[in-house]
Amino acid sequence: MSRRKKIYEGKGKILYEGPEPGTLVAHFKDDATAFNNQKRGTLDGKGVLNNRISEFVMERLNEIGVPTHFIRRINMREQLIREVEIIPIEVVARNIAAGSLSARLGLEEGQPLPRSIVEFYFKNDELGDPMVAEEHITAFNWATTQEIDDIMALTLRVNDFMSGMFAAVGIKLIDFKLEFGRLYEGDMMRIVLADEISPDSCRLWDATTNEKMDKDRFRRDLGGVTEAYAEVARRLGIMKDAPPNLHVVESTVE
Ligand code: UDP
């Protein structure tokens with residue numbers, strides 16, 4: 001029953017045509033997927049929480065001069081963003097061993113890394129997002145060397161900033177995934193941060209108990225997924241009055 005033109009539907013979000021040229025509306029769904037779509041579920045209120053958490057983080061990043069696609073939140077589930085040309089690379093930054101890095105290199109989960117590590121994965125569901133090197137990215141023209149330099153520099157700044165932001169509220173930033181896009185403004189093009197930053201795309205552990213407060217609760221059937229996301233939002237000082245039934249308020253336009 002939507003008046004708007006759907007541009008794209010992904011696993012966690014729907015993108016609609018925006019009110020002005022060059023803008024899109026991102027609608028955050030409650031659907032959850034893991035292991036390249038093999039595990040699926042619906043988590044009541046997840047979209048609301050991710051919309052708010054991503055808004056908060058993107059706004060803080062905009063404030064420190066990290067360019068992002070984020071313009072403003074429209075309502076509980078939607079935000080207005082700039083339309084960008086997505087670079088088909090998932091950029092993962094890691095501070096502590098976990099997930100696929102632990103599996104690949106036989107590192108115990110929770111082991112601090114000697115320094116932050118940035119990895120690239122080719123965004124391709126059919127292939128299961130394989131890890132690639134800078135060589136592949138430039139050889140296949142997914143991005144130029146200059147763009148990779150910009151992406152690396154932005155990723156490290158985002159990592160520094162977010163590590164501090166979460167540490168201040170008793171959360172360890174283990175690792176996270178970023179996506180970037182090309183924003184065209186007249187004759188100019190610049191690389192901006194796109195997609196979302198939320199507990200769906202970050203590993204977040206409680207600093208004292210190491211309890212998982214992210215999508216691993218869904219991936220590993222630990223339960224309490226949205227409760228953990230709500231706790232992340234609460235600690236960041238957003239959604240202070242989050243009602244227990246988050247979906248009840250989903251259509252509220254603010
Ligand atoms: N990640 C993501 N989307 C993906 C793959 C990974 O958001 O398609 C995030 C994931 O939540 C974690 C980080 O990137 O914070 C590193 O994930 P990893 O490579 O360990 O893969 P996983 O163990 O999640 O398969």
# chains A, B, ... in the order shown; residues from 1 in each chain; ligands from 1
>>> residues_near_ligand(ligand="ligand 1", cutoff="10 Å", atoms="only C-alpha atoms and all ligand atoms", output="PDB file with C-alpha atoms, in the first residue's frame")
ATOM      1  CA  THR A  33      19.220 -13.120   8.587  1.00  0.00           C
ATOM      2  CA  ALA A  34      22.558 -14.779   9.240  1.00  0.00           C
ATOM      3  CA  PHE A  35      24.971 -17.199   7.603  1.00  0.00           C
ATOM      4  CA  ASN A  36      24.266 -15.805   4.146  1.00  0.00           C
ATOM      5  CA  ASN A  37      20.474 -16.090   4.495  1.00  0.00           C
ATOM      6  CA  GLU A  90      32.314  -4.766   2.947  1.00  0.00           C
ATOM      7  CA  VAL A  91      35.024  -3.240   5.085  1.00  0.00           C
ATOM      8  CA  VAL A  92      35.549  -5.012   8.405  1.00  0.00           C
ATOM      9  CA  ALA A  93      37.626  -3.451  11.197  1.00  0.00           C
ATOM     10  CA  ARG A  94      38.658  -5.662  14.110  1.00  0.00           C
ATOM     11  CA  ALA A  97      39.496 -11.711  17.681  1.00  0.00           C
ATOM     12  CA  ALA A  98      36.012 -13.125  17.039  1.00  0.00           C
ATOM     13  CA  GLY A  99      33.817 -14.713  14.401  1.00  0.00           C
ATOM     14  CA  SER A 100      35.329 -15.576  11.039  1.00  0.00           C
ATOM     15  CA  LEU A 101      38.820 -14.293  11.991  1.00  0.00           C
ATOM     16  CA  SER A 102      38.936 -16.632  14.990  1.00  0.00           C
ATOM     17  CA  ALA A 103      37.778 -19.519  12.806  1.00  0.00           C
ATOM     18  CA  ARG A 104      40.188 -18.738   9.966  1.00  0.00           C
ATOM     19  CA  GLU A 119      39.774  -6.537   5.946  1.00  0.00           C
ATOM     20  CA  PHE A 120      37.828  -6.355   2.678  1.00  0.00           C
ATOM     21  CA  TYR A 121      35.054  -8.675   1.512  1.00  0.00           C
ATOM     22  CA  PHE A 122      33.426  -8.667  -1.925  1.00  0.00           C
ATOM     23  CA  LYS A 123      29.682  -7.979  -1.549  1.00  0.00           C
ATOM     24  CA  ASN A 124      28.200 -10.954  -3.357  1.00  0.00           C
ATOM     25  CA  ASP A 125      25.545 -13.138  -1.729  1.00  0.00           C
ATOM     26  CA  GLY A 128      28.993 -15.761   0.343  1.00  0.00           C
ATOM     27  CA  ASP A 129      30.924 -12.458   0.477  1.00  0.00           C
ATOM     28  CA  PRO A 130      34.467 -13.832  -0.033  1.00  0.00           C
ATOM     29  CA  MET A 131      37.434 -12.047   1.523  1.00  0.00           C
ATOM     30  CA  LEU A 173      33.855  -2.685  20.287  1.00  0.00           C
ATOM     31  CA  ILE A 174      35.140  -6.068  19.113  1.00  0.00           C
ATOM     32  CA  ASP A 175      34.678  -5.585  15.350  1.00  0.00           C
ATOM     33  CA  PHE A 176      32.303  -4.024  12.846  1.00  0.00           C
ATOM     34  CA  LYS A 177      31.443  -3.816   9.158  1.00  0.00           C
ATOM     35  CA  LEU A 178      31.190  -0.625   7.106  1.00  0.00           C
ATOM     36  CA  GLU A 179      30.027   0.132   3.592  1.00  0.00           C
ATOM     37  CA  GLU A 196      24.012   1.417   8.801  1.00  0.00           C
ATOM     38  CA  ILE A 197      25.980   1.130  12.005  1.00  0.00           C
ATOM     39  CA  SER A 198      24.042  -0.951  14.514  1.00  0.00           C
ATOM     40  CA  PRO A 199      24.311  -4.095  16.646  1.00  0.00           C
ATOM     41  CA  ASP A 200      23.507  -5.969  13.399  1.00  0.00           C
ATOM     42  CA  SER A 201      26.833  -4.844  11.932  1.00  0.00           C
ATOM     43  CA  CYS A 202      29.037  -4.566  15.046  1.00  0.00           C
ATOM     44  CA  ARG A 203      30.183  -6.975  17.731  1.00  0.00           C
ATOM     45  CA  LEU A 204      29.584  -5.309  21.083  1.00  0.00           C
ATOM     46  CA  ASP A 214      24.834  -7.776  19.211  1.00  0.00           C
ATOM     47  CA  LYS A 215      23.644  -9.996  16.364  1.00  0.00           C
ATOM     48  CA  ASP A 216      25.664 -12.959  17.659  1.00  0.00           C
ATOM     49  CA  ARG A 219      23.343 -16.122  15.113  1.00  0.00           C
TER      50      ARG A 219
END
>>> select_by_dssp(residues="segment 34-240 of chain A", states="strand (DSSP E or B)", output="VMD selection string")
chain A and resid 34 39 to 42 68 70 to 73 75 78 to 82 85 to 86 89 to 96 112 to 122 131 to 132 171 to 185 188 to 194 202 to 206 212
>>> residues_around(residues="Glu134 of chain A", least_positions_apart="5", cutoff="12 Å", atoms="only C-alpha atoms", output="VMD selection string")
chain A and resid 89 91 118 to 122 139 to 149 151 to 152
>>> closest_residue(among="A:Leu43, A:Leu24, A:Leu113, A:Ile7", to="Ala194 of chain A", atoms="only C-alpha atoms")
A:Leu24
>>> closest_atom_pairs(of="segment 82-160 of chain A", to="segment 50-61 of chain A", cutoff="12 Å", atoms="only C-alpha atoms", output="JSON lines")
{"residue": "A:Leu154", "atom": "CA", "partner": "A:Leu61", "partner_atom": "CA", "distance": 10.2}
{"residue": "A:Thr155", "atom": "CA", "partner": "A:Leu61", "partner_atom": "CA", "distance": 11.2}
{"residue": "A:Arg157", "atom": "CA", "partner": "A:Leu61", "partner_atom": "CA", "distance": 9.2}
{"residue": "A:Val158", "atom": "CA", "partner": "A:Leu61", "partner_atom": "CA", "distance": 7.3}
{"residue": "A:Asn159", "atom": "CA", "partner": "A:Leu61", "partner_atom": "CA", "distance": 10.6}
{"residue": "A:Asp160", "atom": "CA", "partner": "A:Leu61", "partner_atom": "CA", "distance": 10.9}
>>> select_by_dssp(residues="segment 14-206 of chain A", states="alpha helix (DSSP H)", output="number ranges by chain")
A: 46-63, 99-105, 134-139, 145-167
>>> decode(residues="segment 157-168 of chain A", atoms="all heavy atoms", output="short mmCIF file (atom, residue, chain, number, x, y, z; two decimals), in the first residue's frame")
data_model
loop_
_atom_site.label_atom_id
_atom_site.label_comp_id
_atom_site.auth_asym_id
_atom_site.auth_seq_id
_atom_site.Cartn_x
_atom_site.Cartn_y
_atom_site.Cartn_z
N ARG A 157 39.38 6.11 11.41
CA ARG A 157 38.80 7.19 12.23
C ARG A 157 37.51 6.74 12.89
O ARG A 157 37.26 7.03 14.05
CB ARG A 157 38.51 8.42 11.36
CG ARG A 157 39.75 9.23 11.06
CD ARG A 157 39.38 10.51 10.34
NE ARG A 157 38.70 11.46 11.21
CZ ARG A 157 37.99 12.49 10.76
NH1 ARG A 157 37.88 12.69 9.47
NH2 ARG A 157 37.42 13.32 11.60
N VAL A 158 36.68 6.02 12.12
CA VAL A 158 35.42 5.52 12.68
C VAL A 158 35.74 4.55 13.83
O VAL A 158 35.10 4.58 14.89
CB VAL A 158 34.56 4.82 11.59
CG1 VAL A 158 33.37 4.11 12.21
CG2 VAL A 158 34.11 5.84 10.54
N ASN A 159 36.74 3.71 13.63
CA ASN A 159 37.10 2.74 14.67
C ASN A 159 37.57 3.46 15.94
O ASN A 159 37.13 3.13 17.05
CB ASN A 159 38.19 1.80 14.16
CG ASN A 159 38.49 0.67 15.14
OD1 ASN A 159 37.59 0.18 15.83
ND2 ASN A 159 39.76 0.27 15.23
N ASP A 160 38.45 4.44 15.80
CA ASP A 160 38.93 5.19 16.97
C ASP A 160 37.77 5.85 17.70
O ASP A 160 37.64 5.74 18.92
CB ASP A 160 39.91 6.30 16.54
CG ASP A 160 41.30 5.75 16.29
OD1 ASP A 160 41.53 4.57 16.63
OD2 ASP A 160 42.14 6.49 15.74
N PHE A 161 36.92 6.52 16.92
CA PHE A 161 35.82 7.25 17.54
C PHE A 161 34.83 6.31 18.22
O PHE A 161 34.45 6.50 19.38
CB PHE A 161 35.09 8.11 16.50
CG PHE A 161 33.93 8.84 17.09
CD1 PHE A 161 34.13 10.00 17.83
CD2 PHE A 161 32.64 8.35 16.95
CE1 PHE A 161 33.06 10.65 18.43
CE2 PHE A 161 31.57 9.00 17.54
CZ PHE A 161 31.78 10.15 18.27
N MET A 162 34.44 5.26 17.51
CA MET A 162 33.42 4.35 18.07
C MET A 162 33.97 3.55 19.25
O MET A 162 33.23 3.25 20.18
CB MET A 162 32.89 3.41 17.00
CG MET A 162 31.97 4.08 16.00
SD MET A 162 30.64 2.99 15.50
CE MET A 162 31.56 1.67 14.75
N SER A 163 35.26 3.18 19.20
CA SER A 163 35.84 2.45 20.34
C SER A 163 35.71 3.29 21.60
O SER A 163 35.33 2.78 22.66
CB SER A 163 37.32 2.13 20.08
OG SER A 163 37.45 1.24 19.01
N GLY A 164 36.01 4.59 21.49
CA GLY A 164 35.92 5.49 22.64
C GLY A 164 34.48 5.71 23.06
O GLY A 164 34.16 5.70 24.26
N MET A 165 33.62 5.91 22.08
CA MET A 165 32.20 6.16 22.37
C MET A 165 31.58 4.99 23.14
O MET A 165 30.88 5.18 24.13
CB MET A 165 31.46 6.38 21.05
CG MET A 165 29.99 6.69 21.19
SD MET A 165 29.16 6.70 19.59
CE MET A 165 28.98 4.95 19.30
N PHE A 166 31.88 3.77 22.68
CA PHE A 166 31.30 2.60 23.37
C PHE A 166 32.01 2.34 24.70
O PHE A 166 31.36 1.98 25.69
CB PHE A 166 31.36 1.36 22.46
CG PHE A 166 30.28 1.34 21.41
CD1 PHE A 166 30.57 1.37 20.06
CD2 PHE A 166 28.94 1.29 21.79
CE1 PHE A 166 29.58 1.35 19.09
CE2 PHE A 166 27.92 1.27 20.82
CZ PHE A 166 28.24 1.30 19.48
N ALA A 167 33.33 2.54 24.75
CA ALA A 167 34.06 2.32 26.01
C ALA A 167 33.47 3.20 27.11
O ALA A 167 33.35 2.78 28.27
CB ALA A 167 35.54 2.60 25.82
N ALA A 168 33.08 4.43 26.73
CA ALA A 168 32.53 5.38 27.71
C ALA A 168 31.22 4.88 28.33
O ALA A 168 30.84 5.35 29.40
CB ALA A 168 32.32 6.74 27.04
#
